[in-house]
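These notes concern the structure reproduced below.
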Number of protein chains: 2
Amino acid sequence: MATTISPLAPKEYATLPPIAGVKLATAEAGIRYKNRTDVLLATFDKGTTVAGVFTKSKCPSAPVEWCRDNLKGGKVRALVVNSGNANAFTGKNGRDSTKLTASIASKSVGCKASEIFLASTGVIGEPLDATKFNRVMDGLVAGGKSDLWQEAAKAIMTTDTFPKVATATAKLGDATVTINGIAKGAGMIAPDMATMLSFIFTDAPLSASALQGLLSSGVEDTFNAVTIDGDTSTSDTLLAFATGAAAEYGAPAIARANDRRLVAFRKAFQAVLANLAEQVARDGEGARKLVEIIVEGAKTKRSARKIAMSIANSPLVKTAIAGEDANWGRVVMAVGKAGEPADRDKLSIWFGDTRVAHRGARDPDYDEKQVSAYMKNPEVTLRVGLGLGPGRDRVMTCDLTKAYVEINGDYRS
Amino acid sequence: MATTISPLAPKEYATLPPIAGVKLATAEAGIRYKNRTDVLLATFDKGTTVAGVFTKSKCPSAPVEWCRDNLKGGKVRALVVNSGNANAFTGKNGRDSTKLTASIASKSVGCKASEIFLASTGVIGEPLDATKFNRVMDGLVAGGKSDLWQEAAKAIMTTDTFPKVATATAKLGDATVTINGIAKGAGMIAPDMATMLSFIFTDAPLSASALQGLLSSGVEDTFNAVTIDGDTSTSDTLLAFATGAAAEYGAPAIARANDRRLVAFRKAFQAVLANLAEQVARDGEGARKLVEIIVEGAKTKRSARKIAMSIANSPLVKTAIAGEDANWGRVVMAVGKAGEPADRDKLSIWFGDTRVAHRGARDPDYDEKQVSAYMKNPEVTLRVGLGLGPGRDRVMTCDLTKAYVEINGDYRS
């Protein structure tokens, strides 16, 4: 784990309230790290539903495949997460290891193995010795608490520099329901670690289908709109759990994601996802600046997304921002290489509120000093106007610093 | 210009022979740099044909648009290249500037403006003052020489650390014809510079159509198979010129690229392109290692290319190589994110001759020490076997070092 907290970390951490039906526990299983927790167990009351979205990698980790397979059931009784070993690219051993982990947990919890969900983050290609869970599992199940959110977020960290937590409440019918979330960073994570994990918990009585609908649409403008280095983990996992406990205090059972009673809930759910996703960008490896990229006037939102991602993933744009340089020439380059409809002579670019380029040329009126001062901020907004249509999108990223290269390249020297 | 020559630079530069029908001259026009040449003029005898391939950027520079427009004619009398200013994203001013440059050159040479080809590299978004060519152009035309290849390659450099030249000969009919080439690096190039320029010259009597065919197919496995940082210039330009002078010493006139008499010529032409493209990779910004990436067993060559490029552009793979770490977990990640057909459990990975991963898991027999020693080499080969089909491809790249971030991010601090 990194010793210096990202300068972009939130000034204070949210305090997460209990979620009825959820218990949390952490332990030191010695997977890879010494003297820190590396296992998180969340147990759920009967009737808890589950939804998930996963990495699009063609080489997913064994736990990702395990979760995908068991998502069909829609039911969950426990989540086991370990840090230190990703159980990715581990062949048959990896599959055996997920089976064994689920078997150990299901015995302790007293449920089917298919009701155990798994996530692993850490080194790729090393066998994960799941027998290590044996000696901690009973204690984790027995010792579950409702207020361990911060500790839970810490147990799943790898090179993250701070734990990521978020919470919100919403009215559902006459009841107030709660949504808590934890996450660990993308980035990717040294030495071989490369994963975004996030888990969302609520007491709202949502069917697995409703929860999946909320999650799948919610991820688009939150976790899918964040990029650190354009690299995609074999293990990215976002799971949501709904205990349904709020039915006891008057929340209506919701079967479908398009139920109108979900308006407020959806907004709060989305806010938790957005908050966690932004924290992931704030903790990008070596990040010194949080960068918001807005693309407007594209033909479609999809086209705006592609252009925004082309800018956000450009090493030249990211190094320029690290150098506090409003280098709009590189932004033009990144727009041009995206391959999406763009008309050079209609293009405008802003850094903060200053328009630096307009209609295909440098804005003659822009004040270099003003822009230079703006670039010294820890949070920078870069806006591109294409002038072609109604498509708009926004992505979050961070700068590319020497610290990123150090973290990812120098650890053996 | 950088002061330290890349450690990957060729040990010695090729000596390029004259090409009948080509004269070269350089000058200091003071476009941006002081005390160095920044203009190259190549003049061609009447009857010289021209072919070109250009950046795929949707925001191309004014000279790129100028060349594209004039390529239809297939005839050329002069090439004007300047470094220091890319004349990109300069709006109407940029178009006027290309017109003025061509007009100045055409008057001095005595030809149509449409027979002047242009390329510019340097800062984006600054107006290019083409009147600066006025005072040097007559001298350039009068002072043309046939043996200035090294100087020509130097005049077009920006942050390149060494001039890039290559040469080859081939039999065409009973005659021996010559192919010379010069290039400047991709990378991209600080502060706003971002361009790969290359110019190929031959005395072979090739129609514009034959030359275009050779160039378009030749670029696929050479310049298009090199990546430094995945960023694409607004100005990338590769032009080829065939004077036809070899007709005088017995070379047959060739009308079509698929003419069987071109077999040897095509091979030599391709070798010059490949040599220059590799030199571009050797001079990637901050590069300390030249990296060859081979992907085999893909469904198709196109699929192999996509996977190879995904690996070559992965910041995590590139920083690992900078750290001399055979981090095959990151290679798995990059294969997985390419989105191309891949079966994790059939995947094998080699660093040099050592197979580190086999059939979806770490190779149990691999010797970490052997691989670590291999990674200290300045030239590293990384090979991926997908086990799915006959598709094979190869791309060249370099590592991602702190020097890259420094060159591209620190120049204002």
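Following the order of the structure tokens, first chain is A, next is B, and so on, with residues numbered from 1 inside each chain and ligands from 1 in the order they appear.
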
Just list as a ChimeraX atom specification whatever in stretch 100-322 of chain B DSSP marks as strand (DSSP E or B). /B:116-123,145,164-172,175-184,189,193,197-202,206,226,237-242,254,290-298

For the structure I just gave you, how does DSSP split stretch 240-300 of chain A - specifically, which residues are helix (DSSP H, G or I)? Reply as a ChimeraX atom specification. /A:245-249,260-282

With a distance cut-off of 9 Å and only C-alpha atoms, select the neighbouring residues of A:Glu340, excluding the residue or stretch itself and same-chain residues fewer than 5 positions from it, and output the selection as a PyMOL selection string. (chain A and resi 298-299+303-304+306-307+335) or (chain B and resi 58)

With C-alpha atoms retained, export the selected residues as a PDB file, in the first residue's frame.
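result_7.pdb was written with the following content:
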```
ATOM      1  CA  ALA A 298     -21.053  16.073 -30.882  1.00  0.00           C
ATOM      2  CA  LYS A 299     -23.390  14.250 -33.218  1.00  0.00           C
ATOM      3  CA  SER A 303     -19.722  10.059 -30.147  1.00  0.00           C
ATOM      4  CA  ALA A 304     -19.099  12.620 -27.385  1.00  0.00           C
ATOM      5  CA  LYS A 306     -15.586   8.409 -27.579  1.00  0.00           C
ATOM      6  CA  ILE A 307     -14.005  11.813 -28.098  1.00  0.00           C
ATOM      7  CA  VAL A 335     -10.182  14.953 -30.954  1.00  0.00           C
TER       8      VAL A 335
ATOM      9  CA  LYS B  58     -10.189  14.247 -38.461  1.00  0.00           C
TER      10      LYS B  58
END
```

A:Lys337, A:Lys72, A:Arg261, A:Arg344 ranked by distance to A:Ile311, top pick (using only C-alpha atoms): A:Lys337

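Counting from atom CA of B:Lys11, the distance to atom CA of B:Arg383 is 26.2 Å.
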
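You can rank A:Val50, A:Val177, A:Val39, A:Leu273 by their closest distance to A:Gly250 using only C-alpha atoms, and at the top of that list sits A:Val177.
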
Test item: residues at most 6 Å from stretch 235-249 of chain A, only C-alpha atoms, excluding those fewer than 5 positions along its chain, as a ChimeraX atom specification: /A:20-21,48-55,60-61,195-205

Atoms kept (C-alpha atoms) for selection, written as a PDB file, in the first residue's frame:
```
ATOM      1  CA  ALA A  20     -30.495  -3.613   8.059  1.00  0.00           C
ATOM      2  CA  GLY A  21     -29.695  -7.129   6.892  1.00  0.00           C
ATOM      3  CA  THR A  48     -31.227 -10.461  -0.269  1.00  0.00           C
ATOM      4  CA  THR A  49     -31.021  -9.912  -4.030  1.00  0.00           C
ATOM      5  CA  VAL A  50     -27.879  -9.311  -6.050  1.00  0.00           C
ATOM      6  CA  ALA A  51     -26.922  -7.654  -9.338  1.00  0.00           C
ATOM      7  CA  GLY A  52     -23.559  -7.157 -10.999  1.00  0.00           C
ATOM      8  CA  VAL A  53     -21.556  -5.701 -13.835  1.00  0.00           C
ATOM      9  CA  PHE A  54     -18.078  -6.915 -14.707  1.00  0.00           C
ATOM     10  CA  THR A  55     -14.962  -6.253 -16.741  1.00  0.00           C
ATOM     11  CA  PRO A  60     -11.521 -12.353 -16.966  1.00  0.00           C
ATOM     12  CA  SER A  61     -10.449 -13.629 -13.574  1.00  0.00           C
ATOM     13  CA  THR A 195      -8.756  -3.824 -10.531  1.00  0.00           C
ATOM     14  CA  MET A 196     -11.690  -1.642  -9.722  1.00  0.00           C
ATOM     15  CA  LEU A 197     -13.947  -3.297  -7.175  1.00  0.00           C
ATOM     16  CA  SER A 198     -17.076  -1.698  -5.802  1.00  0.00           C
ATOM     17  CA  PHE A 199     -19.933  -2.989  -3.680  1.00  0.00           C
ATOM     18  CA  ILE A 200     -23.250  -1.242  -3.108  1.00  0.00           C
ATOM     19  CA  PHE A 201     -25.622  -2.154  -0.292  1.00  0.00           C
ATOM     20  CA  THR A 202     -29.222  -1.109   0.337  1.00  0.00           C
ATOM     21  CA  ASP A 203     -32.134  -2.093   2.532  1.00  0.00           C
ATOM     22  CA  ALA A 204     -34.622  -1.296  -0.238  1.00  0.00           C
ATOM     23  CA  PRO A 205     -36.845  -4.248  -1.267  1.00  0.00           C
TER      24      PRO A 205
END
```

Show me, as a Markdown table, the residues of stretch 50-141 of chain A having an atom within 10 Å of stretch 24-34 of chain A, each with the closest atom pair and its distance in Å, using only C-alpha atoms.
```
| residue | atom | partner | partner_atom | distance |
| --- | --- | --- | --- | --- |
| A:Ala78 | CA | A:Leu24 | CA | 9.7 |
| A:Leu79 | CA | A:Leu24 | CA | 9.5 |
| A:Val80 | CA | A:Thr26 | CA | 9.8 |
| A:Val81 | CA | A:Thr26 | CA | 9.5 |
| A:Asn82 | CA | A:Ile31 | CA | 7.8 |
| A:Ser83 | CA | A:Ile31 | CA | 7.4 |
| A:Gly84 | CA | A:Arg32 | CA | 5.0 |
| A:Asn85 | CA | A:Ile31 | CA | 6.9 |
| A:Gly122 | CA | A:Arg32 | CA | 8.6 |
| A:Val123 | CA | A:Arg32 | CA | 9.0 |
| A:Leu128 | CA | A:Ile31 | CA | 7.8 |
| A:Asp129 | CA | A:Ile31 | CA | 7.6 |
| A:Ala130 | CA | A:Ile31 | CA | 8.8 |
| A:Thr131 | CA | A:Ala29 | CA | 9.8 |
| A:Lys132 | CA | A:Ala29 | CA | 6.1 |
| A:Phe133 | CA | A:Ala29 | CA | 6.5 |
| A:Asn134 | CA | A:Ala29 | CA | 9.2 |
| A:Arg135 | CA | A:Ala29 | CA | 8.0 |
| A:Val136 | CA | A:Ala29 | CA | 6.7 |
| A:Met137 | CA | A:Ala27 | CA | 8.7 |
| A:Gly139 | CA | A:Ala27 | CA | 8.6 |
| A:Leu140 | CA | A:Ala25 | CA | 5.4 |
| A:Val141 | CA | A:Ala25 | CA | 7.4 |
```

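Minimum atom-to-atom distances from B:Gly91, B:Gly181, B:Pro17, B:Pro252 to chain A were compared using only C-alpha atoms, and the lowest value belongs to B:Gly91.
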